[in-house]
Structures are given as structure tokens and as C-alpha cells.
file structure23.cif (mmCIF, C-alpha atoms)
data_structure
#
loop_
_atom_site.label_atom_id
_atom_site.label_comp_id
_atom_site.auth_asym_id
_atom_site.auth_seq_id
_atom_site.Cartn_x
_atom_site.Cartn_y
_atom_site.Cartn_z
CA MET A 1 -9.21 37.81 -33.89
CA ARG A 2 -5.78 37.95 -32.28
CA LYS A 3 -6.57 41.29 -30.57
CA ALA A 4 -9.85 39.87 -29.28
CA LEU A 5 -8.02 36.85 -27.86
CA LEU A 6 -5.41 39.03 -26.16
CA PHE A 7 -8.17 41.21 -24.67
CA LEU A 8 -9.95 38.10 -23.35
CA LEU A 9 -6.73 36.83 -21.78
CA LEU A 10 -6.22 40.21 -20.11
CA ILE A 11 -9.73 40.08 -18.61
CA VAL A 12 -9.13 36.56 -17.31
CA SER A 13 -5.78 37.61 -15.81
CA ILE A 14 -7.34 40.57 -14.00
CA GLY A 15 -10.14 38.34 -12.66
CA VAL A 16 -7.67 35.82 -11.25
CA SER A 17 -5.18 38.21 -9.67
CA GLY A 18 -7.47 41.05 -8.52
CA GLN A 19 -9.35 39.43 -5.65
CA ASN A 20 -10.93 41.88 -3.25
CA ILE A 21 -11.63 41.12 0.41
CA ARG A 22 -15.16 39.85 -0.28
CA GLU A 23 -13.86 37.35 -2.83
CA ILE A 24 -11.09 36.28 -0.47
CA PHE A 25 -13.66 35.63 2.27
CA MET A 26 -15.70 33.48 -0.11
CA GLN A 27 -12.69 31.59 -1.50
CA ILE A 28 -10.44 31.00 1.50
CA PRO A 29 -10.35 27.27 2.37
CA LEU A 30 -12.86 26.24 5.02
CA ASP A 31 -10.09 24.64 7.09
CA ALA A 32 -9.19 28.20 8.09
CA PHE A 33 -12.13 28.10 10.49
CA PRO A 34 -11.50 25.97 13.61
CA SER A 35 -14.87 24.26 13.87
CA SER A 36 -16.43 21.58 11.68
CA ARG A 37 -19.91 22.94 12.38
CA MET A 38 -18.83 26.42 11.38
CA MET A 39 -17.26 25.01 8.22
CA ASP A 40 -20.60 23.39 7.38
CA TYR A 41 -22.43 26.63 8.10
CA LEU A 42 -20.11 28.73 5.94
CA LYS A 43 -20.19 26.18 3.13
CA ASP A 44 -23.87 27.01 2.69
CA LYS A 45 -23.99 30.62 3.88
CA ARG A 46 -20.82 32.61 3.25
CA GLU A 47 -21.65 33.75 -0.28
CA TYR A 48 -25.01 34.99 0.99
CA LEU A 49 -23.26 36.80 3.86
CA MET A 50 -20.91 38.59 1.48
CA THR A 51 -23.49 39.49 -1.17
CA LYS A 52 -26.68 40.11 0.80
CA GLY A 53 -25.53 40.75 4.36
CA ASN A 54 -26.22 39.16 7.72
CA ILE A 55 -28.76 36.38 7.93
CA ILE A 56 -29.57 37.29 11.52
CA THR A 57 -30.35 40.84 12.61
CA SER A 58 -28.23 41.02 15.76
CA LYS A 59 -25.21 39.36 17.37
CA ASP A 60 -27.44 38.79 20.40
CA LYS A 61 -29.40 36.27 18.33
CA LEU A 62 -26.35 34.23 17.28
CA LYS A 63 -26.60 30.47 17.64
CA ASP A 64 -23.62 28.16 18.03
CA ASP A 65 -21.24 28.36 15.05
CA GLU A 66 -23.31 30.94 13.21
CA VAL A 67 -21.57 34.03 11.86
CA PHE A 68 -22.41 37.71 12.16
CA ILE A 69 -20.56 40.13 9.88
CA ASP A 70 -19.53 43.16 11.96
CA LEU A 71 -17.68 45.10 9.28
CA VAL A 72 -16.72 44.85 5.62
CA ASP A 73 -14.21 47.52 4.60
CA GLU A 74 -13.66 46.73 0.94
CA LYS A 75 -11.56 49.84 0.31
CA ASN A 76 -8.97 48.88 2.95
CA GLY A 77 -9.32 45.12 2.45
CA TYR A 78 -10.56 44.20 5.93
CA ILE A 79 -13.42 42.13 7.34
CA LYS A 80 -14.40 41.55 10.97
CA PHE A 81 -16.97 38.97 12.00
CA THR A 82 -18.29 37.27 15.12
CA ALA A 83 -19.24 33.65 15.83
CA LEU A 84 -20.31 31.55 18.79
CA ARG A 85 -18.30 28.47 19.68
CA GLY A 86 -19.49 26.38 22.58
CA GLY A 87 -21.49 29.34 23.83
CA ASP A 88 -18.48 31.69 23.86
CA GLU A 89 -18.35 34.68 21.52
CA THR A 90 -15.29 34.69 19.28
CA GLN A 91 -13.97 37.31 16.89
CA TYR A 92 -12.36 36.89 13.49
CA GLU A 93 -10.43 39.38 11.39
CA LEU A 94 -9.51 38.86 7.76
CA CYS A 95 -7.23 41.08 5.67
CA TYR A 96 -4.44 40.86 3.11
CA TRP A 97 -1.13 42.44 2.19
CA LYS A 98 0.51 42.85 -1.22
CA THR A 99 3.97 41.30 -1.27
CA LYS A 100 7.16 42.32 -3.06
CA ASP A 101 6.79 39.16 -5.14
CA GLY A 102 3.50 40.41 -6.56
CA HIS A 103 1.11 38.00 -4.82
CA LYS A 104 -1.14 38.49 -1.80
CA LEU A 105 -0.54 37.37 1.77
CA VAL A 106 -3.85 36.68 3.51
CA GLY A 107 -4.15 36.81 7.30
CA LEU A 108 -6.94 35.35 9.42
CA ASN A 109 -6.92 36.20 13.12
CA TYR A 110 -9.07 34.06 15.41
CA SER A 111 -9.54 35.64 18.88
CA TYR A 112 -10.85 33.58 21.76
CA CYS A 113 -11.29 33.49 25.52
CA ASP A 114 -10.98 30.43 27.73
CA VAL A 115 -11.11 29.79 31.47
CA CYS A 116 -7.81 31.56 32.22
CA CYS A 117 -7.45 34.38 29.71
CA CYS A 118 -7.94 35.65 26.18
CA GLY A 119 -5.62 35.24 23.23
CA SER A 120 -5.64 34.77 19.49
CA THR A 121 -4.33 32.48 16.78
CA LEU A 122 -3.06 33.96 13.56
CA PHE A 123 -3.04 32.00 10.30
CA PHE A 124 -1.49 33.04 6.99
CA TYR A 125 -2.06 31.97 3.41
CA ASP A 126 -0.15 32.86 0.26
CA LEU A 127 -2.61 33.65 -2.52
CA VAL A 128 -0.78 32.76 -5.73
CA ASP A 129 -2.44 32.08 -9.09
CA ASN A 130 -5.81 31.90 -7.36
CA LYS A 131 -4.54 29.16 -5.02
CA TYR A 132 -4.42 29.43 -1.21
CA ILE A 133 -1.23 27.98 0.26
CA LYS A 134 -1.47 27.69 4.04
CA HIS A 135 1.62 28.50 6.13
CA LYS A 136 2.74 26.19 8.87
CA TYR A 137 2.01 27.50 12.37
CA PRO A 138 3.57 29.72 13.58
CA SER A 139 4.17 31.37 10.23
CA PRO A 140 7.77 32.05 9.14
CA VAL A 141 6.74 35.48 7.79
CA MET A 142 6.41 36.90 11.31
CA ASP A 143 9.08 37.50 13.95
CA LYS A 144 8.55 35.23 16.94
CA LEU A 145 7.10 36.82 20.06
CA THR A 146 7.56 35.48 23.58
CA VAL A 147 6.03 36.45 26.91
CA ASP A 148 9.31 37.80 28.27
CA MET A 149 9.31 40.46 25.54
CA PHE A 150 6.29 41.96 27.28
CA LEU A 151 6.86 40.92 30.89
CA ASP A 152 9.68 41.63 33.31
CA VAL A 153 9.85 38.05 34.50
CA GLU A 154 12.18 38.46 37.50
CA LYS A 155 10.37 41.45 39.02
CA SER A 156 6.98 39.83 38.35
CA LYS A 157 8.10 36.62 40.05
CA LYS A 158 9.13 38.53 43.18
CA MET A 159 5.77 40.34 43.27
CA ALA A 160 3.89 37.06 42.81
CA GLN A 161 5.79 35.41 45.66
CA LYS A 162 4.70 38.21 48.00
CA ASP A 163 1.05 38.11 46.90
CA LYS A 164 -0.97 35.78 49.17
CA ASP A 165 -3.82 35.66 46.65
CA ILE A 166 -1.62 33.83 44.14
CA THR A 167 -1.75 30.15 45.05
CA THR A 168 -0.11 28.58 41.97
CA SER A 169 3.60 28.69 41.22
CA PHE A 170 4.88 31.52 39.05
CA ASP A 171 6.31 29.00 36.58
CA ASP A 172 2.80 27.63 36.04
CA ILE A 173 1.47 31.15 35.61
CA LEU A 174 4.21 31.92 33.12
CA GLU A 175 3.53 28.75 31.14
CA ASN A 176 -0.26 28.77 31.15
CA GLY A 177 -1.47 32.17 32.31
CA PHE A 178 -0.36 34.47 29.51
CA GLN A 179 -1.59 34.64 25.96
CA ILE A 180 -0.65 36.94 23.10
CA GLU A 181 -3.49 38.78 21.40
CA TYR A 182 -3.09 40.05 17.85
CA GLU A 183 -4.90 42.84 16.05
CA LEU A 184 -4.87 42.93 12.25
CA PRO A 185 -4.73 46.31 10.53
CA ARG A 186 -7.82 47.87 9.07
CA ILE A 187 -5.76 50.99 8.33
CA GLY A 188 -2.08 50.63 7.50
CA THR A 189 -0.11 47.38 7.33
CA SER A 190 1.26 46.70 10.84
CA ILE A 191 0.02 43.97 13.19
CA ILE A 192 -0.36 44.88 16.87
CA ALA A 193 0.44 42.27 19.52
CA ARG A 194 -0.61 42.58 23.17
CA ILE A 195 -0.18 40.37 26.22
CA ASN A 196 -3.17 39.15 28.20
CA SER A 197 -2.72 37.67 31.66
CA GLY A 198 -6.38 37.09 32.50
CA SER A 199 -5.59 38.53 35.93
CA ASP A 200 -5.14 41.84 37.65
CA GLU A 201 -2.27 43.46 35.75
CA ASN A 202 -1.06 45.08 38.98
CA MET A 203 0.21 41.65 40.00
CA PHE A 204 2.89 41.78 37.32
CA VAL A 205 5.56 44.13 35.99
CA PHE A 206 5.40 44.82 32.26
CA LYS A 207 8.18 46.05 30.03
CA LEU A 208 5.78 46.61 27.13
CA LYS A 209 1.99 46.47 26.85
CA GLU A 210 2.07 46.06 23.09
CA ILE A 211 4.51 45.30 20.28
CA VAL A 212 4.17 46.53 16.71
CA LEU A 213 5.04 44.14 13.89
CA GLU A 214 5.81 46.18 10.79
CA TRP A 215 5.22 44.80 7.30
CA ASP A 216 8.15 45.34 4.91
CA GLY A 217 6.63 43.67 1.86
CA SER A 218 7.86 40.18 2.66
CA ARG A 219 7.57 39.66 6.45
CA PHE A 220 6.48 41.24 9.74
CA LYS A 221 9.37 42.56 11.83
CA ILE A 222 9.34 43.71 15.44
CA LYS A 223 9.54 47.48 15.47
#
call {"tool": "encode", "arguments": {"input": "structure23.cif", "output": "C-alpha cells"}}
result
Amino acid sequence: MRKALLFLLLIVSIGVSGQNIREIFMQIPLDAFPSSRMMDYLKDKREYLMTKGNIITSKDKLKDDEVFIDLVDEKNGYIKFTALRGGDETQYELCYWKTKDGHKLVGLNYSYCDVCCCGSTLFFYDLVDNKYIKHKYPSPVMDKLTVDMFLDVEKSKKMAQKDKDITTSFDDILENGFQIEYELPRIGTSIIARINSGSDENMFVFKLKEIVLEWDGSRFKIK
């Protein structure tokens, strides 16, 4: 009887701590998705999406706040999916990392485009004892990135002042015209960050086009 009980406890323990990417997609709190209509849609549909596949046959047939699953890579723990928000196509990436502490860190990357440029918002959750604990934004597990890490601000300002097509001040461009885009890893563990200006890149001088954030088992550090 005692051996049977210990075996049962082992099975339960494996079930709780061994979530794969499909289970994480189905369990992650709905507040991870920045749209109440999408939350309602996923409340009814996400288990179907993960077990039976897409409800619609093509991304071209997406309606507002519906979801199309582009890719499920269960082996590497990565999912990519597409949704419409306000008529604009948005991309999501979901993956996880194993931490030195023995739990999982789950990342959800929400990529968007607005009137000026494209960027993304990256959310993290600690998955501990089958509970999802959302990090504050921006997450403390990732080194902070700023525009001037990518852009040579002084040289770009001089170029902008000479360009007659640029009608707004460079300070306004610097504050509102640049967004950081993230790419979660399907292979490996590093996050890639890129800068997006929404304009002709020849107008600006870049120091770096992308920055690699390496995972060390507890946080992402600038390489």
C-alpha cells in the first residue's frame, strides 16, 4: 500500500512540474493577452486550438481577435500564433526556459505595428508549483535596453537636421519614433532585440542593428 501511494505521489509530481508548451499555452492566465475580446475567444477556444488545430483554414480568413496557430514546436518548447486586433495583424510568441532554481520561466512576446513603427512587448511569468506568477513590466530578469544602445544619437541628430524631409524635431523622433522589437528563441535560449524606426534607416546612424540577450539560468544579460 505504501509503495502504491509513493508511486501515485510521483505521478502527480511529474504531472504538476512537467508542463510542455501546449499545456503552458492552455494554462497561462488570460490576462497575458492584451484584449478582452481575445481573452473571451481563448477562454472558449484555446484547448481546441492546442488539441485539434486551427479553427479557421487560413490567416487570410482571420476575424478580429481570432487566433491562428502558425507553429507548435513541442520539442523545443515554442509556439507562434497570429491574431487580428483592430484590423491589424499581430504576432505572438510563447516559450519557456528552465531556471537554476528548478522552475520554469515563461515568456510571451506580443509584436505589434502602429502608425509610426513596429515594436513588441515582452511579458514573463514564473511557473512554480503549477502557479503562474506575473513579473512587473519591464521584467527584472532582463537587462534594460535603451535606444542609444542601438543608435548613434549625436551623428543621427546631425543627419536629421540636414534632411529637409524630416519636419519634426529629433527629440520627438527619439522619444516616439523608435521601438524595440524582440524575438524569442525557437532554437537555443537567447532573446534577440532589434530597433525599429518606422522610417528609412538611411536617415539615422546605427551602432548596432541587434543585441543578443543571453540566458544564464537566472536572467538575460546583454552579450
call {"tool": "residues_around", "arguments": {"input": "structure23.cif", "residues": "Phe25 of chain A", "least_positions_apart": "4", "cutoff": "8 Å", "atoms": "only C-alpha atoms", "output": "list in words"}}
result
Ile21, Arg46, Met50 and Leu94 of chain A
call {"tool": "resolve_selection", "arguments": {"input": "structure23.cif", "expression": "the PyMOL selection byres ((chain A and resi 171) around 12)", "output": "VMD selection string"}}
result
chain A and resid 153 to 154 156 to 158 160 to 161 166 to 170 172 to 178
call {"tool": "closest_residue", "arguments": {"input": "structure23.cif", "among": "A:Gly53, A:Pro34, A:Pro140, A:Pro29", "to": "Tyr110 of chain A", "atoms": "all atoms listed in the file"}}
result
A:Pro34
call {"tool": "residues_around", "arguments": {"input": "structure23.cif", "residues": "Trp215 of chain A", "least_positions_apart": "5", "cutoff": "7 Å", "atoms": "only C-alpha atoms", "output": "PyMOL selection string"}}
result
chain A and resi 189-190+220-221
call {"tool": "residues_near_point", "arguments": {"input": "structure23.cif", "point": "(11.4, 38.4, 11.6)", "cutoff": "12 Å", "atoms": "all atoms listed in the file", "output": "JSON, numbers by chain"}}
result
{"A": [138, 139, 140, 141, 142, 143, 144, 145, 213, 214, 215, 216, 218, 219, 220, 221, 222, 223]}
call {"tool": "closest_residue", "arguments": {"input": "structure23.cif", "among": "A:Gln27, A:Asn109, A:Ser197, A:Ser35", "to": "Glu47 of chain A", "atoms": "only C-alpha atoms"}}
result
A:Gln27
call {"tool": "resolve_selection", "arguments": {"input": "structure23.cif", "expression": "the PyMOL selection byres ((chain A and resi 77) around 9)", "output": "list in words"}}
result
Asn20, Ile21, Arg22, Val72, Asp73, Glu74, Lys75, Asn76, Tyr78, Ile79, Leu94, Cys95, Tyr96, Trp97 and Arg186 of chain A
call {"tool": "atom_distance", "arguments": {"input": "structure23.cif", "atom1": "atom CA of Ile191 of chain A", "atom2": "atom CA of Met203 of chain A"}}
result
26.9 Å
call {"tool": "resolve_selection", "arguments": {"input": "structure23.cif", "expression": "the PyMOL selection byres ((chain A and resi 68) around 12)", "output": "ChimeraX atom specification"}}
result
/A:38,41-42,45-46,48-50,53-67,69-72,79-84,89-92
call {"tool": "atom_distance", "arguments": {"input": "structure23.cif", "atom1": "atom CA of Thr99 of chain A", "atom2": "atom CA of Phe124 of chain A"}}
result
12.9 Å
call {"tool": "atom_distance", "arguments": {"input": "structure23.cif", "atom1": "atom CA of Ser111 of chain A", "atom2": "atom CA of Glu181 of chain A"}}
result
7.3 Å
call {"tool": "residues_near_point", "arguments": {"input": "structure23.cif", "point": "(-1.9, 39.9, 21.6)", "cutoff": "7 Å", "atoms": "only C-alpha atoms", "output": "ChimeraX atom specification"}}
result
/A:119-120,179-183,193-196
call {"tool": "decode", "arguments": {"input": "structure23.cif", "residues": "segment 89-223 of chain A", "atoms": "C-alpha atoms", "output": "CSV table (one decimal), in the first residue's frame"}}
result
chain,number,residue,atom,x,y,z
A,89,GLU,CA,-2.3,41.6,-37.8
A,90,THR,CA,-0.3,40.9,-34.6
A,91,GLN,CA,2.2,38.2,-33.8
A,92,TYR,CA,2.7,36.3,-30.5
A,93,GLU,CA,5.5,34.0,-29.4
A,94,LEU,CA,5.4,31.8,-26.4
A,95,CYS,CA,8.3,29.8,-25.0
A,96,TYR,CA,9.9,28.9,-21.7
A,97,TRP,CA,13.3,28.5,-20.0
A,98,LYS,CA,14.4,26.2,-17.2
A,99,THR,CA,15.9,28.1,-14.3
A,100,LYS,CA,18.7,27.3,-11.9
A,101,ASP,CA,16.1,27.2,-9.2
A,102,GLY,CA,14.3,24.3,-10.9
A,103,HIS,CA,11.2,26.1,-12.0
A,104,LYS,CA,10.2,27.4,-15.5
A,105,LEU,CA,10.3,31.0,-16.7
A,106,VAL,CA,7.6,31.6,-19.3
A,107,GLY,CA,7.9,34.3,-21.9
A,108,LEU,CA,5.2,35.8,-24.1
A,109,ASN,CA,6.2,38.2,-26.8
A,110,TYR,CA,3.4,40.4,-28.3
A,111,SER,CA,4.6,42.1,-31.5
A,112,TYR,CA,2.6,45.0,-33.0
A,113,CYS,CA,2.6,47.8,-35.5
A,114,ASP,CA,1.1,51.2,-35.1
A,115,VAL,CA,1.0,54.4,-37.1
A,116,CYS,CA,4.7,55.2,-36.6
A,117,CYS,CA,6.5,51.9,-36.3
A,118,CYS,CA,6.6,48.3,-35.1
A,119,GLY,CA,7.7,47.1,-31.7
A,120,SER,CA,6.9,44.4,-29.2
A,121,THR,CA,6.1,43.9,-25.6
A,122,LEU,CA,7.6,41.1,-23.6
A,123,PHE,CA,5.9,39.6,-20.6
A,124,PHE,CA,7.4,37.0,-18.2
A,125,TYR,CA,5.8,34.6,-15.7
A,126,ASP,CA,7.4,32.3,-13.2
A,127,LEU,CA,5.8,28.9,-13.3
A,128,VAL,CA,6.2,27.5,-9.8
A,129,ASP,CA,4.1,24.6,-8.3
A,130,ASN,CA,1.7,24.9,-11.2
A,131,LYS,CA,1.1,28.6,-10.5
A,132,TYR,CA,1.8,31.5,-12.9
A,133,ILE,CA,3.4,34.5,-11.2
A,134,LYS,CA,3.5,37.5,-13.5
A,135,HIS,CA,6.6,39.8,-13.4
A,136,LYS,CA,6.2,43.5,-13.2
A,137,TYR,CA,6.9,45.3,-16.5
A,138,PRO,CA,9.7,45.6,-17.5
A,139,SER,CA,10.8,42.3,-16.0
A,140,PRO,CA,13.8,42.4,-13.6
A,141,VAL,CA,15.2,39.2,-15.2
A,142,MET,CA,16.3,41.1,-18.3
A,143,ASP,CA,19.0,43.7,-18.7
A,144,LYS,CA,17.4,47.1,-19.7
A,145,LEU,CA,17.8,48.2,-23.3
A,146,THR,CA,17.6,51.8,-24.5
A,147,VAL,CA,17.5,53.3,-27.9
A,148,ASP,CA,21.0,54.8,-27.6
A,149,MET,CA,22.5,51.3,-27.3
A,150,PHE,CA,21.4,50.8,-30.9
A,151,LEU,CA,21.6,54.4,-32.3
A,152,ASP,CA,24.4,56.8,-32.5
A,153,VAL,CA,22.3,59.7,-31.2
A,154,GLU,CA,24.7,62.6,-32.0
A,155,LYS,CA,25.5,61.6,-35.5
A,156,SER,CA,21.8,60.8,-36.2
A,157,LYS,CA,20.8,64.2,-34.9
A,158,LYS,CA,23.1,66.0,-37.3
A,159,MET,CA,21.9,63.9,-40.2
A,160,ALA,CA,18.3,64.6,-39.3
A,161,GLN,CA,18.9,68.4,-39.1
A,162,LYS,CA,20.2,68.4,-42.6
A,163,ASP,CA,17.3,66.3,-44.0
A,164,LYS,CA,14.6,68.6,-45.3
A,165,ASP,CA,12.1,65.7,-45.4
A,166,ILE,CA,12.2,65.5,-41.6
A,167,THR,CA,9.8,68.1,-40.2
A,168,THR,CA,9.6,67.0,-36.5
A,169,SER,CA,12.3,67.7,-34.0
A,170,PHE,CA,14.9,65.0,-33.4
A,171,ASP,CA,14.0,64.8,-29.7
A,172,ASP,CA,10.4,63.9,-30.7
A,173,ILE,CA,11.7,61.3,-33.1
A,174,LEU,CA,13.9,59.9,-30.4
A,175,GLU,CA,11.1,59.8,-27.9
A,176,ASN,CA,8.3,58.5,-30.1
A,177,GLY,CA,9.8,57.2,-33.3
A,178,PHE,CA,11.8,54.2,-32.2
A,179,GLN,CA,10.6,50.9,-30.8
A,180,ILE,CA,12.5,47.8,-29.7
A,181,GLU,CA,11.4,44.5,-31.3
A,182,TYR,CA,12.1,41.2,-29.5
A,183,GLU,CA,12.4,37.7,-31.0
A,184,LEU,CA,12.1,34.7,-28.7
A,185,PRO,CA,14.2,31.7,-29.3
A,186,ARG,CA,12.8,28.7,-31.0
A,187,ILE,CA,16.3,27.2,-31.1
A,188,GLY,CA,18.7,28.0,-28.2
A,189,THR,CA,17.9,30.2,-25.2
A,190,SER,CA,18.9,33.8,-26.3
A,191,ILE,CA,16.5,36.6,-27.0
A,192,ILE,CA,17.2,38.9,-29.9
A,193,ALA,CA,16.4,42.6,-29.7
A,194,ARG,CA,16.3,44.9,-32.7
A,195,ILE,CA,15.5,48.6,-33.2
A,196,ASN,CA,12.7,49.7,-35.5
A,197,SER,CA,12.5,53.4,-36.6
A,198,GLY,CA,9.5,53.0,-38.9
A,199,SER,CA,11.4,55.2,-41.3
A,200,ASP,CA,14.1,55.0,-43.9
A,201,GLU,CA,17.1,53.7,-41.9
A,202,ASN,CA,19.5,55.7,-44.1
A,203,MET,CA,18.2,58.8,-42.1
A,204,PHE,CA,20.0,57.5,-39.0
A,205,VAL,CA,23.4,56.2,-37.9
A,206,PHE,CA,23.3,52.9,-36.1
A,207,LYS,CA,25.9,51.5,-33.7
A,208,LEU,CA,24.1,48.1,-33.6
A,209,LYS,CA,21.2,46.6,-35.6
A,210,GLU,CA,20.5,43.9,-33.0
A,211,ILE,CA,21.5,43.0,-29.4
A,212,VAL,CA,21.7,39.5,-28.1
A,213,LEU,CA,20.4,38.8,-24.6
A,214,GLU,CA,21.9,35.6,-23.3
A,215,TRP,CA,20.2,33.4,-20.8
A,216,ASP,CA,22.4,32.3,-17.9
A,217,GLY,CA,19.8,30.2,-16.0
A,218,SER,CA,18.5,33.1,-13.9
A,219,ARG,CA,18.4,36.2,-16.1
A,220,PHE,CA,19.0,37.6,-19.6
A,221,LYS,CA,22.3,39.5,-20.0
A,222,ILE,CA,23.4,41.7,-22.8
A,223,LYS,CA,26.1,39.8,-24.7
